[in-house]
Each structure stands twice: as C-alpha cells, then as structure tokens.
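Listing of coords33.pdb, PDB, C-alpha atoms and all ligand atoms
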ATOM      1  CA  MET H 566     154.652 103.168  66.823
ATOM      2  CA  ALA H 567     153.390 102.183  70.297
ATOM      3  CA  ALA H 568     155.935 100.857  72.818
ATOM      4  CA  ARG H 569     155.234  98.768  75.925
ATOM      5  CA  ILE H 570     156.973  99.378  79.242
ATOM      6  CA  ILE H 571     158.686  96.142  80.252
ATOM      7  CA  ARG H 572     160.420  97.444  83.371
ATOM      8  CA  LYS H 573     160.046 100.580  85.448
ATOM      9  CA  GLU H 574     162.550 101.406  88.150
ATOM     10  CA  VAL H 575     162.526 104.518  90.300
ATOM     11  CA  LEU H 576     166.191 105.526  90.525
ATOM     12  CA  ILE H 577     165.686 108.643  92.647
ATOM     13  CA  PRO H 578     162.261 108.775  94.357
ATOM     14  CA  GLY H 579     160.059 111.602  93.090
ATOM     15  CA  GLN H 580     162.704 112.663  90.600
ATOM     16  CA  THR H 581     164.318 110.179  88.228
ATOM     17  CA  THR H 582     162.939 107.013  86.642
ATOM     18  CA  LYS H 583     164.359 104.349  84.355
ATOM     19  CA  LEU H 584     162.134 102.642  81.779
ATOM     20  CA  VAL H 585     162.988  99.607  79.680
ATOM     21  CA  LEU H 586     160.773  99.612  76.597
ATOM     22  CA  ASP H 587     159.920  96.862  74.166
ATOM     23  CA  ALA H 588     160.968  98.637  70.951
ATOM     24  CA  PRO H 589     162.730  96.158  68.634
ATOM     25  CA  HIS H 590     162.778  98.482  65.608
ATOM     26  CA  VAL H 591     164.482 101.263  67.573
ATOM     27  CA  ALA H 592     166.801  98.876  69.466
ATOM     28  CA  ALA H 593     168.038  97.334  66.197
ATOM     29  CA  LYS H 594     169.346 100.693  64.927
ATOM     30  CA  ALA H 595     170.101 102.646  68.122
ATOM     31  CA  LYS H 596     173.665 103.930  68.401
ATOM     32  CA  PRO H 597     175.353 105.894  71.212
ATOM     33  CA  GLY H 598     174.250 109.526  71.072
ATOM     34  CA  ASN H 599     170.846 108.815  69.471
ATOM     35  CA  PHE H 600     167.589 109.925  71.048
ATOM     36  CA  VAL H 601     163.870 109.176  70.672
ATOM     37  CA  ILE H 602     160.781 111.371  70.736
ATOM     38  CA  LEU H 603     157.759 109.919  72.528
ATOM     39  CA  ARG H 604     154.188 110.891  73.261
ATOM     40  CA  VAL H 605     152.357 109.539  76.288
ATOM     41  CA  HIS H 606     148.919 110.007  74.656
ATOM     42  CA  GLY H 607     147.532 111.014  71.254
ATOM     43  CA  LYS H 608     147.267 114.739  72.047
ATOM     44  CA  GLY H 609     150.419 114.840  74.174
ATOM     45  CA  GLU H 610     153.611 116.867  73.812
ATOM     46  CA  ARG H 611     156.534 115.304  72.001
ATOM     47  CA  VAL H 612     159.235 114.547  74.575
ATOM     48  CA  PRO H 613     162.827 113.970  73.404
ATOM     49  CA  LEU H 614     164.818 111.533  75.571
ATOM     50  CA  THR H 615     168.281 110.113  74.974
ATOM     51  CA  ILE H 616     168.684 106.361  74.545
ATOM     52  CA  ALA H 617     170.637 105.430  77.701
ATOM     53  CA  ASP H 618     171.128 101.846  76.531
ATOM     54  CA  ALA H 619     169.921  99.492  73.800
ATOM     55  CA  ASP H 620     169.792  95.712  73.524
ATOM     56  CA  PRO H 621     169.168  94.641  69.918
ATOM     57  CA  GLN H 622     168.957  90.938  70.934
ATOM     58  CA  GLN H 623     166.197  91.567  73.484
ATOM     59  CA  GLY H 624     164.657  94.310  71.304
ATOM     60  CA  THR H 625     164.685  96.795  74.187
ATOM     61  CA  ILE H 626     165.844 100.345  74.824
ATOM     62  CA  THR H 627     166.431 102.082  78.158
ATOM     63  CA  LEU H 628     165.361 105.652  78.889
ATOM     64  CA  VAL H 629     166.129 107.618  82.036
ATOM     65  CA  TYR H 630     164.179 110.794  82.675
ATOM     66  CA  LEU H 631     163.873 113.538  85.194
ATOM     67  CA  VAL H 632     160.307 114.481  86.132
ATOM     68  CA  LEU H 633     160.371 118.181  85.240
ATOM     69  CA  GLY H 634     156.989 119.284  83.953
ATOM     70  CA  LYS H 635     153.637 118.127  82.626
ATOM     71  CA  SER H 636     154.741 115.579  80.011
ATOM     72  CA  THR H 637     157.397 113.829  82.085
ATOM     73  CA  TRP H 638     154.925 113.787  85.008
ATOM     74  CA  LEU H 639     152.341 112.064  82.753
ATOM     75  CA  LEU H 640     155.008 109.627  81.528
ATOM     76  CA  ASN H 641     155.792 108.829  85.144
ATOM     77  CA  GLN H 642     152.152 107.815  85.760
ATOM     78  CA  LEU H 643     152.513 104.838  83.376
ATOM     79  CA  GLU H 644     153.343 101.459  84.900
ATOM     80  CA  GLU H 645     154.915  98.220  83.650
ATOM     81  CA  GLY H 646     152.768  96.573  80.976
ATOM     82  CA  GLN H 647     151.256  99.881  79.781
ATOM     83  CA  GLU H 648     152.053 101.423  76.399
ATOM     84  CA  LEU H 649     153.309 104.793  75.210
ATOM     85  CA  ASN H 650     151.104 106.224  72.472
ATOM     86  CA  ASP H 651     154.065 106.500  70.119
ATOM     87  CA  LEU H 652     157.824 106.350  70.007
ATOM     88  CA  CYS H 653     159.872 107.762  67.140
ATOM     89  CA  GLY H 654     163.555 107.014  66.614
ATOM     90  CA  PRO H 655     166.415 106.549  66.717
ATOM     91  CA  LEU H 656     166.909 110.260  65.940
ATOM     92  CA  GLY H 657     169.961 112.505  65.697
ATOM     93  CA  ARG H 658     173.464 111.728  64.529
ATOM     94  CA  PRO H 659     175.222 109.022  66.521
ATOM     95  CA  THR H 660     178.413 109.858  68.422
ATOM     96  CA  HIS H 661     181.434 109.896  66.123
ATOM     97  CA  ILE H 662     183.538 107.009  67.464
ATOM     98  CA  GLU H 663     186.805 106.019  65.765
ATOM     99  CA  PRO H 664     188.409 102.787  66.948
ATOM    100  CA  GLY H 665     191.455 103.240  69.161
ATOM    101  CA  PRO H 666     193.063 102.747  72.501
ATOM    102  CA  GLU H 667     193.576 106.436  73.472
ATOM    103  CA  PRO H 668     191.849 107.592  76.673
ATOM    104  CA  VAL H 669     188.470 109.303  76.257
ATOM    105  CA  VAL H 670     187.040 111.154  79.248
ATOM    106  CA  CYS H 671     183.240 110.948  79.448
ATOM    107  CA  VAL H 672     181.723 113.537  81.752
ATOM    108  CA  GLY H 673     178.130 113.222  82.978
ATOM    109  CA  GLY H 674     176.127 115.503  85.231
ATOM    110  CA  GLY H 675     172.789 114.662  86.867
ATOM    111  CA  THR H 676     170.385 112.895  84.486
ATOM    112  CA  GLY H 677     172.975 113.430  81.743
ATOM    113  CA  ILE H 678     174.981 110.582  83.290
ATOM    114  CA  ALA H 679     172.465 108.131  81.794
ATOM    115  CA  ALA H 680     172.928 109.513  78.272
ATOM    116  CA  MET H 681     176.683 109.603  78.782
ATOM    117  CA  HIS H 682     176.563 105.898  79.779
ATOM    118  CA  HIS H 683     175.624 104.754  76.250
ATOM    119  CA  ILE H 684     178.316 106.979  74.708
ATOM    120  CA  ALA H 685     181.009 105.772  77.144
ATOM    121  CA  LYS H 686     180.044 102.159  76.414
ATOM    122  CA  GLY H 687     180.429 102.857  72.684
ATOM    123  CA  PHE H 688     183.967 104.227  73.173
ATOM    124  CA  SER H 689     184.847 101.238  75.379
ATOM    125  CA  ARG H 690     183.567  98.761  72.763
ATOM    126  CA  ALA H 691     185.679 100.558  70.145
ATOM    127  CA  GLY H 692     188.793  99.792  72.218
ATOM    128  CA  HIS H 693     189.297 103.108  74.033
ATOM    129  CA  GLU H 694     190.313 103.462  77.642
ATOM    130  CA  VAL H 695     187.280 105.195  79.150
ATOM    131  CA  ILE H 696     187.529 107.483  82.151
ATOM    132  CA  SER H 697     184.082 108.350  83.465
ATOM    133  CA  VAL H 698     183.682 111.529  85.458
ATOM    134  CA  ILE H 699     180.276 111.852  87.094
ATOM    135  CA  GLY H 700     178.794 114.484  89.337
ATOM    136  CA  ALA H 701     175.670 115.374  91.264
ATOM    137  CA  ARG H 702     174.656 117.548  94.182
ATOM    138  CA  ALA H 703     174.866 114.613  96.630
ATOM    139  CA  LYS H 704     175.588 110.868  96.746
ATOM    140  CA  ASP H 705     171.931 109.770  96.550
ATOM    141  CA  LEU H 706     171.483 111.751  93.303
ATOM    142  CA  LEU H 707     174.235 109.908  91.415
ATOM    143  CA  LEU H 708     173.185 107.547  88.621
ATOM    144  CA  PHE H 709     174.787 104.546  86.899
ATOM    145  CA  GLU H 710     178.009 104.500  88.950
ATOM    146  CA  ASN H 711     178.073 100.678  89.138
ATOM    147  CA  GLU H 712     177.127 100.275  85.463
ATOM    148  CA  LEU H 713     179.969 102.623  84.435
ATOM    149  CA  ARG H 714     182.456 100.709  86.614
ATOM    150  CA  THR H 715     181.853  97.524  84.569
ATOM    151  CA  PHE H 716     183.691  98.935  81.534
ATOM    152  CA  SER H 717     185.435 102.165  82.594
ATOM    153  CA  HIS H 718     189.165 102.209  83.312
ATOM    154  CA  ASP H 719     188.343 104.597  86.165
ATOM    155  CA  VAL H 720     185.233 106.316  87.524
ATOM    156  CA  MET H 721     185.849 109.692  89.157
ATOM    157  CA  VAL H 722     183.011 111.055  91.287
ATOM    158  CA  ALA H 723     182.366 114.642  92.382
ATOM    159  CA  THR H 724     179.550 115.743  94.678
ATOM    160  CA  ASN H 725     178.795 119.329  95.647
ATOM    161  CA  ASP H 726     178.454 118.391  99.324
ATOM    162  CA  GLY H 727     181.371 115.935  99.399
ATOM    163  CA  SER H 728     179.103 113.000 100.398
ATOM    164  CA  HIS H 729     180.828 110.774  97.794
ATOM    165  CA  GLY H 730     184.036 111.187  95.800
ATOM    166  CA  ILE H 731     185.699 114.585  95.795
ATOM    167  CA  LYS H 732     183.870 117.642  97.116
ATOM    168  CA  GLY H 733     183.259 119.919  94.162
ATOM    169  CA  PHE H 734     182.211 119.853  90.538
ATOM    170  CA  VAL H 735     182.943 117.449  87.676
ATOM    171  CA  THR H 736     185.231 120.149  86.293
ATOM    172  CA  ASP H 737     187.443 119.855  89.425
ATOM    173  CA  ALA H 738     187.882 116.101  88.835
ATOM    174  CA  LEU H 739     188.388 116.670  85.097
ATOM    175  CA  ARG H 740     191.041 119.345  85.712
ATOM    176  CA  ASP H 741     192.984 116.948  87.982
ATOM    177  CA  TYR H 742     192.845 114.268  85.297
ATOM    178  CA  LEU H 743     193.909 116.582  82.442
ATOM    179  CA  ASP H 744     196.806 117.954  84.510
ATOM    180  CA  ALA H 745     198.120 114.422  85.073
ATOM    181  CA  HIS H 746     197.448 112.955  81.598
ATOM    182  CA  LYS H 747     198.529 114.541  78.325
ATOM    183  CA  ASP H 748     197.308 111.761  76.014
ATOM    184  CA  VAL H 749     193.518 112.363  76.175
ATOM    185  CA  ALA H 750     191.951 111.973  72.716
ATOM    186  CA  GLU H 751     188.585 113.530  73.526
ATOM    187  CA  VAL H 752     186.328 114.803  76.292
ATOM    188  CA  VAL H 753     182.585 114.192  75.907
ATOM    189  CA  ALA H 754     180.179 116.018  78.222
ATOM    190  CA  VAL H 755     176.457 115.452  78.768
ATOM    191  CA  GLY H 756     174.459 117.257  81.431
ATOM    192  CA  PRO H 757     173.026 120.659  82.313
ATOM    193  CA  VAL H 758     173.971 123.442  79.875
ATOM    194  CA  PRO H 759     176.036 125.407  82.471
ATOM    195  CA  MET H 760     178.014 122.207  83.193
ATOM    196  CA  MET H 761     178.749 121.559  79.505
ATOM    197  CA  GLU H 762     179.770 125.195  79.077
ATOM    198  CA  ALA H 763     182.122 124.933  82.092
ATOM    199  CA  VAL H 764     183.656 121.734  80.697
ATOM    200  CA  ALA H 765     184.228 123.387  77.297
ATOM    201  CA  ASN H 766     185.808 126.444  78.938
ATOM    202  CA  LEU H 767     188.078 124.199  81.022
ATOM    203  CA  THR H 768     189.323 122.042  78.138
ATOM    204  CA  ARG H 769     189.925 124.937  75.700
ATOM    205  CA  PRO H 770     193.407 125.883  77.004
ATOM    206  CA  TYR H 771     194.390 122.189  77.073
ATOM    207  CA  GLY H 772     193.518 121.950  73.346
ATOM    208  CA  VAL H 773     191.551 118.724  73.867
ATOM    209  CA  LYS H 774     188.725 117.952  71.437
ATOM    210  CA  THR H 775     185.476 118.457  73.394
ATOM    211  CA  THR H 776     182.050 117.223  72.374
ATOM    212  CA  VAL H 777     178.815 118.310  74.078
ATOM    213  CA  SER H 778     175.305 116.882  73.669
ATOM    214  CA  LEU H 779     172.808 119.738  73.461
ATOM    215  CA  ASN H 780     169.305 119.412  74.892
ATOM    216  CA  SER H 781     167.794 122.324  72.943
ATOM    217  CA  ILE H 782     164.018 122.639  72.823
ATOM    218  CA  MET H 783     162.764 120.196  70.187
ATOM    219  CA  ILE H 784     159.384 119.731  68.542
ATOM    220  CA  ASP H 785     159.450 117.653  65.358
ATOM    221  CA  GLY H 786     162.964 116.211  65.694
ATOM    222  CA  ILE H 787     163.405 116.012  61.920
ATOM    223  CA  GLY H 788     164.803 119.438  61.019
ATOM    224  CA  MET H 789     161.545 121.059  59.817
ATOM    225  CA  CYS H 790     160.287 123.238  62.696
ATOM    226  CA  GLY H 791     163.458 125.180  63.588
ATOM    227  CA  ALA H 792     162.836 124.966  67.355
ATOM    228  CA  CYS H 793     166.198 123.378  68.144
ATOM    229  CA  ARG H 794     168.294 126.046  66.360
ATOM    230  CA  VAL H 795     171.785 126.496  67.834
ATOM    231  CA  ASN H 796     174.693 128.688  66.834
ATOM    232  CA  VAL H 797     177.882 126.671  66.391
ATOM    233  CA  GLY H 798     180.982 128.467  65.149
ATOM    234  CA  GLY H 799     178.780 131.289  63.802
ATOM    235  CA  LYS H 800     176.678 128.870  61.724
ATOM    236  CA  ILE H 801     173.045 127.973  62.372
ATOM    237  CA  GLN H 802     172.665 124.270  63.096
ATOM    238  CA  PHE H 803     169.666 122.180  64.082
ATOM    239  CA  ALA H 804     170.390 120.007  67.104
ATOM    240  CA  CYS H 805     167.929 117.291  66.033
ATOM    241  CA  VAL H 806     169.512 116.548  62.648
ATOM    242  CA  ASP H 807     172.982 118.149  62.738
ATOM    243  CA  GLY H 808     173.501 117.086  66.388
ATOM    244  CA  PRO H 809     172.661 116.730  69.200
ATOM    245  CA  GLU H 810     176.461 116.518  69.607
ATOM    246  CA  PHE H 811     178.639 119.475  68.648
ATOM    247  CA  ASP H 812     182.133 120.840  69.165
ATOM    248  CA  GLY H 813     181.850 122.366  72.652
ATOM    249  CA  HIS H 814     184.462 125.015  71.834
ATOM    250  CA  GLN H 815     182.271 126.365  69.014
ATOM    251  CA  VAL H 816     178.820 126.429  70.679
ATOM    252  CA  ASP H 817     177.276 129.814  71.530
ATOM    253  CA  PHE H 818     176.186 128.864  75.060
ATOM    254  CA  VAL H 819     174.842 132.356  75.854
ATOM    255  CA  GLU H 820     172.300 132.109  73.025
ATOM    256  CA  LEU H 821     171.463 128.502  73.959
ATOM    257  CA  ARG H 822     170.707 129.463  77.567
ATOM    258  CA  GLU H 823     168.477 132.321  76.403
ATOM    259  CA  ARG H 824     166.511 130.056  74.043
ATOM    260  CA  LEU H 825     166.062 127.389  76.735
ATOM    261  CA  SER H 826     164.638 129.888  79.204
ATOM    262  CA  ALA H 827     162.240 131.504  76.683
ATOM    263  CA  TYR H 828     159.382 129.072  77.394
ATOM    264  CA  LYS H 829     159.831 128.791  81.176
ATOM    265  CA  PRO H 830     156.678 130.828  82.129
ATOM    266  CA  HIS H 831     154.477 128.781  79.703
ATOM    267  CA  GLU H 832     155.920 125.498  81.012
ATOM    268  CA  LEU H 833     155.272 126.504  84.621
ATOM    269  CA  LYS H 834     151.684 127.501  83.758
ATOM    270  CA  SER H 835     151.014 124.191  81.979
ATOM    271  CA  TYR H 836     152.532 122.253  84.891
ATOM    272  CA  GLN H 837     150.382 124.084  87.439
ATOM    273  CA  GLU H 838     147.211 123.759  85.321
ATOM    274  CA  CYS H 839     147.591 119.991  84.948
ATOM    275  CA  GLY H 840     147.635 119.559  88.739
ATOM    276  CA  CYS H 841     150.896 117.568  88.499
ATOM    277  CA  SER H 842     153.040 117.215  91.574
ATOM    278  CA  HIS H 843     156.350 115.624  92.394
ATOM    279  CA  GLY H 844     156.722 112.821  94.885
TER     280      GLY H 844
HETATM  281  C1  LIG H 901     168.054 115.439  72.427
HETATM  282  C2  LIG H 901     167.481 115.547  73.822
HETATM  283  C3  LIG H 901     167.669 114.510  74.707
HETATM  284  C4  LIG H 901     167.148 114.581  75.996
HETATM  285  N1  LIG H 901     167.373 113.530  76.830
HETATM  286  C5  LIG H 901     166.872 113.545  78.064
HETATM  287  C6  LIG H 901     167.053 112.419  78.930
HETATM  288  O1  LIG H 901     167.651 111.409  78.566
HETATM  289  N2  LIG H 901     166.519 112.495  80.175
HETATM  290  C7  LIG H 901     165.842 113.605  80.612
HETATM  291  O2  LIG H 901     165.397 113.614  81.764
HETATM  292  N3  LIG H 901     165.642 114.671  79.800
HETATM  293  C8  LIG H 901     166.135 114.664  78.549
HETATM  294  N4  LIG H 901     165.908 115.731  77.705
HETATM  295  C9  LIG H 901     165.075 116.858  78.201
HETATM  296  C10 LIG H 901     163.605 116.449  78.128
HETATM  297  O3  LIG H 901     163.203 116.318  76.793
HETATM  298  C11 LIG H 901     162.733 117.514  78.825
HETATM  299  O4  LIG H 901     163.075 117.506  80.188
HETATM  300  C12 LIG H 901     161.245 117.211  78.702
HETATM  301  O5  LIG H 901     160.822 117.453  77.386
HETATM  302  C13 LIG H 901     160.488 118.067  79.689
HETATM  303  O6  LIG H 901     159.098 117.989  79.407
HETATM  304  P1  LIG H 901     158.015 118.354  80.494
HETATM  305  O7  LIG H 901     156.714 118.615  79.822
HETATM  306  O8  LIG H 901     158.002 117.370  81.620
HETATM  307  O9  LIG H 901     158.546 119.696  81.141
HETATM  308  P2  LIG H 901     158.301 121.183  80.656
HETATM  309  O10 LIG H 901     157.503 121.873  81.700
HETATM  310  O11 LIG H 901     157.797 121.246  79.236
HETATM  311  O12 LIG H 901     159.800 121.697  80.646
HETATM  312  C14 LIG H 901     160.678 121.732  81.731
HETATM  313  C15 LIG H 901     162.062 122.063  81.140
HETATM  314  O13 LIG H 901     162.456 121.021  80.244
HETATM  315  C16 LIG H 901     163.073 121.514  79.076
HETATM  316  N5  LIG H 901     162.254 121.114  77.910
HETATM  317  C17 LIG H 901     160.916 121.156  77.782
HETATM  318  N6  LIG H 901     160.500 120.696  76.611
HETATM  319  C18 LIG H 901     161.596 120.352  75.960
HETATM  320  C19 LIG H 901     161.801 119.820  74.682
HETATM  321  N7  LIG H 901     160.808 119.540  73.844
HETATM  322  N8  LIG H 901     163.067 119.606  74.324
HETATM  323  C20 LIG H 901     164.064 119.847  75.180
HETATM  324  N9  LIG H 901     163.932 120.326  76.407
HETATM  325  C21 LIG H 901     162.713 120.597  76.784
HETATM  326  C22 LIG H 901     163.130 123.007  79.237
HETATM  327  O14 LIG H 901     164.420 123.371  79.662
HETATM  328  C23 LIG H 901     162.112 123.314  80.294
HETATM  329  O15 LIG H 901     162.440 124.429  81.057
HETATM  330  C24 LIG H 901     166.416 115.715  76.411
HETATM  331  C25 LIG H 901     166.211 116.762  75.526
HETATM  332  C26 LIG H 901     166.744 116.675  74.237
HETATM  333  C27 LIG H 901     166.525 117.793  73.276
HETATM  334  S1  LIG H 902     163.279 119.891  66.483
HETATM  335 FE1  LIG H 902     162.447 120.862  64.793
HETATM  336  S2  LIG H 902     164.154 121.478  63.615
HETATM  337 FE2  LIG H 902     164.966 120.323  65.247
END
Kindly transcribe the structure held in the file into structure tokens.
Amino acid sequence: MAARIIRKEVLIPGQTTKLVLDAPHVAAKAKPGNFVILRVHGKGERVPLTIADADPQQGTITLVYLVLGKSTWLLNQLEEGQELNDLCGPLGRPTHIEPGPEPVVCVGGGTGIAAMHHIAKGFSRAGHEVISVIGARAKDLLLFENELRTFSHDVMVATNDGSHGIKGFVTDALRDYLDAHKDVAEVVAVGPVPMMEAVANLTRPYGVKTTVSLNSIMIDGIGMCGACRVNVGGKIQFACVDGPEFDGHQVDFVELRERLSAYKPHELKSYQECGCSHG
C-alpha cells in the first residue's frame, strides 16, 4: 500500500531524518516494538524500519532513519507530499508489556533511541516508572531527549565526548542506576549490536531481565526467506516473526555480528554505483 509523507524533519543534517507518514491502516494496529518494511520505488530494496511512534486518531506513523546506503539515501530524496511505493506492516511481535508500577530502564543508542521511544512510551502508559538511558557520540547526535522527558521518571544521558550528560557509554549510566536501585523489573535495549551486547553482559550478573531488539538483515519480513535467522539460547529463531525482541542473555551476538557483516562489500558496491552521497 502506498503511503504519503506528511512531514519530513531533518534531525541530524546529512545523517538522520524523521518522517511522519499518512498510513491509517498501519497506525490503527501499530504497537511498541513493531516495524514496517517499505520500498521507495517498484524495483527497490525492502527496507525494515521500526515504528518510532503511532497516532491512530490522526492515522499517522513516525519513522526515524539513518542514511546508511543506497535505499535509505533514495528514501531521503523524497519530500513532503510524495509517496512511498509501498509500506507493509505492522510487522514483528510487539513488546511484551505487563501492567505495573515497577521501574523499567529503557536504553537507546544512536538511531535506536527513536525505536526505544515507542517502547518506553508503552511501558509508561502501562503504569511503569520509566527510566530512559540514552547515548550518542556527542550532544548534537542525541535524538528524542525532550520527547522522552515528557513521560520518563528520569532521563540519563551519556556522550562519548562528555558534551552532554556523563562522559562515557550508556552502560556506565546503566551501571550507576542498577547499583543504586534493586527493584528494576526489566532493561530494554535498542541500538547498535555491540551496544546491546554490552548491555546484556552488564545486566547478567545483576539477574535483571534484559530484552534487546535485533536489527538482523531482513528481506521478506514474514518468516519465509530465512535471512533474519538468529541463534537464541541454542535455538534458531527468525527475528521478523519470532522477534525482533529477544532475551538479551540468550542471544548469540558473535554469530549475529558475523551475519550482519557478510553483505558489507556488496552494500558498499551498490552504494558507490548509485552515485549516492551523504550531506
Ligand atoms: C527490525 C528492524 C528495524 C530497523 N529499524 C531501523 C530504524 O528505525 N531506523 C534505522 O535507521 N534503521 C533501522 N533498521 C536498519 C535499516 O533497515 C537499514 O539501515 C537499512 O535497510 C539500510 O539500507 P540501505 O540500502 O540504505 O543500506 P545498505 O547499504 O543496504 O546497508 C547498510 C547497513 O545496513 C544494514 N542493513 C542493510 N539492509 C538491511 C536489512 N534489510 N535489514 C537490516 N539491516 C540492514 C547492514 O548492517 C548494512 O551494513 C532496522 C532494521 C531492522 C531489521
Ligand atoms: S526476513 Fe525473511 S525470514 Fe525473516
């Protein structure tokens, strides 16, 4: 189904963009943790993107994407009023959210902060105290800090260069929080694979339930192609239909990293051949 771009906002010039799409059918069913697969044109690649927010009343969904390669570069060429060729979703299992007041720590890194935003909002709406921990290389690369402050009990910020919040990684802020609070019900992490792995390794000795949202390579998004295979607790799972969220303590991150890097040379070639450029 085609989807029109209602609003386009460059969040980080040359790098990260937010789109609000007119997609009433997706917005009506979208839950935290769901994603969509879109194609910019009829012969285009299928690009999975997490639903960063959804407004069923307005019939809109929000996507936030990093311009990485050919397809996200092409997506970034579209302007307000133009249409995507097709949009499929919501896909994946929604985040498992039980009602309750216990604190849930939602950790977001880089573009993953946008995906984490919808999940954190879901926990807040279910009555939980939400502590958002967000991190980026520097202050001007942080996303959604103000949006998260509207419903989070606390927002902890970590930047690698110390330009905002504490100097260090999200895991440094998370460690401080876990040392001071023993009542955390769950930690949810969304971001680069090494960050999610570091979060899972940190929380393991604390015995806190830890959920990660895996951005494995996806093609069909419906469990038929096998591209998004991940090893969780020694069992083969498909991130598109069994996930994308899994128990972080059970994920084989070594295998995941290897699978993600397998297509790097092809992606670079396709990016260079299309004449795309950042900025
Ligand atoms: C469930 C899910 C949710 C995602 N949500 C977001 C999001 O909200 N915002 C965002 O910026 N990115 C998100 N991604 C990653 C996004 O899909 C890729 O960045 C995008 O497909 C890159 O396409 P490209 O042609 O521009 O770059 P390419 O040159 O094709 O790839 C650049 C890098 O992107 C990754 N990638 C490429 N194709 C895929 C694919 N089909 N599936 C997963 N990763 C891929 C690879 O690591 C690759 O090295 C998500 C991925 C998944 C699986
Ligand atoms: S994307 Fe094809 S099986 Fe998951």
Given the file above and the PyMOL selection byres (((not hetatm)) within 8 of (chain H and resi 901)), which residues are selected, and can you give them as a ChimeraX atom specification? /H:581,599-601,610-617,628-639,657,676-677,679-680,778-784,793,804-805,809,825-826,828-829,831-833,835-836
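Using only C-alpha atoms and all ligand atoms, the shortest contact distance between ligand LIG 902 (chain H) and any of H:Ala827, H:Arg604, H:Cys790, H:Gly808 is found at H:Cys790.
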Any idea what the distance is between atom CA of H:Val585 and atom CA of H:Ala754? 23.8 Å
Matched chain/residue IDs from the PyMOL selection byres (((chain H and resi 590) around 10) and not hetatm), as an MDAnalysis selection string: chainID H and resid 566 587:589 591:595 621 624:626 653:655
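If you measure from each of H:Ala685, H:Met761, H:Leu652, H:Leu603 to H:Thr736 using only C-alpha atoms, the closest one turns out to be H:Met761.
Between atom FE1 of ligand LIG 902 (chain H) and atom CA of H:Arg794 lies a distance of 8.0 Å.
Our summary of the geometry notes that atom CA of H:Ile662 is positioned 7.3 Å from atom CA of H:Ala691.
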Hey, what comes out of the PyMOL selection byres (((chain H and resi 765) around 12) and not hetatm) on this file? Could you write it as a VMD selection string? chain H and resid 672 736 739 to 740 751 to 755 758 to 764 766 to 778 811 to 818
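Closest approach to ligand LIG 902 (chain H) among H:Ile602, H:Ala750, H:Ala723, H:Ala568 is made by H:Ile602 (distances from only C-alpha atoms and all ligand atoms).
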Using only the atoms of ligand LIG 902 (chain H) listed in the file, plus 6 Å on each side, state the axis-aligned box centre and edge lengths in Å rounded to one decimal, as JSON.
{"center_x": 163.7, "center_y": 120.7, "center_z": 65.0, "size_x": 14.5, "size_y": 13.6, "size_z": 14.9}
All residues 9 Å or closer to H:Val720, only C-alpha atoms, same chain fewer than 2 positions away omitted, as a PyMOL selection string: chain H and resi 695-699+710+713-714+717-718+722
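The shortest atom-to-atom distance to H:Asp807, with all atoms listed in the file taken into account, belongs to H:Leu656 out of H:Leu821, H:Leu743, H:Leu708, H:Leu656.
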H:Glu645, H:Phe716, H:Glu810, H:His606 ranked by distance to H:Ile570, top pick (using all atoms listed in the file): H:Glu645
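Among the candidate residues H:Ile684, H:Met789, H:Leu584, H:Ile678, the one lying nearest to ligand LIG 902 (chain H) is H:Met789, with distances computed using all atoms listed in the file.
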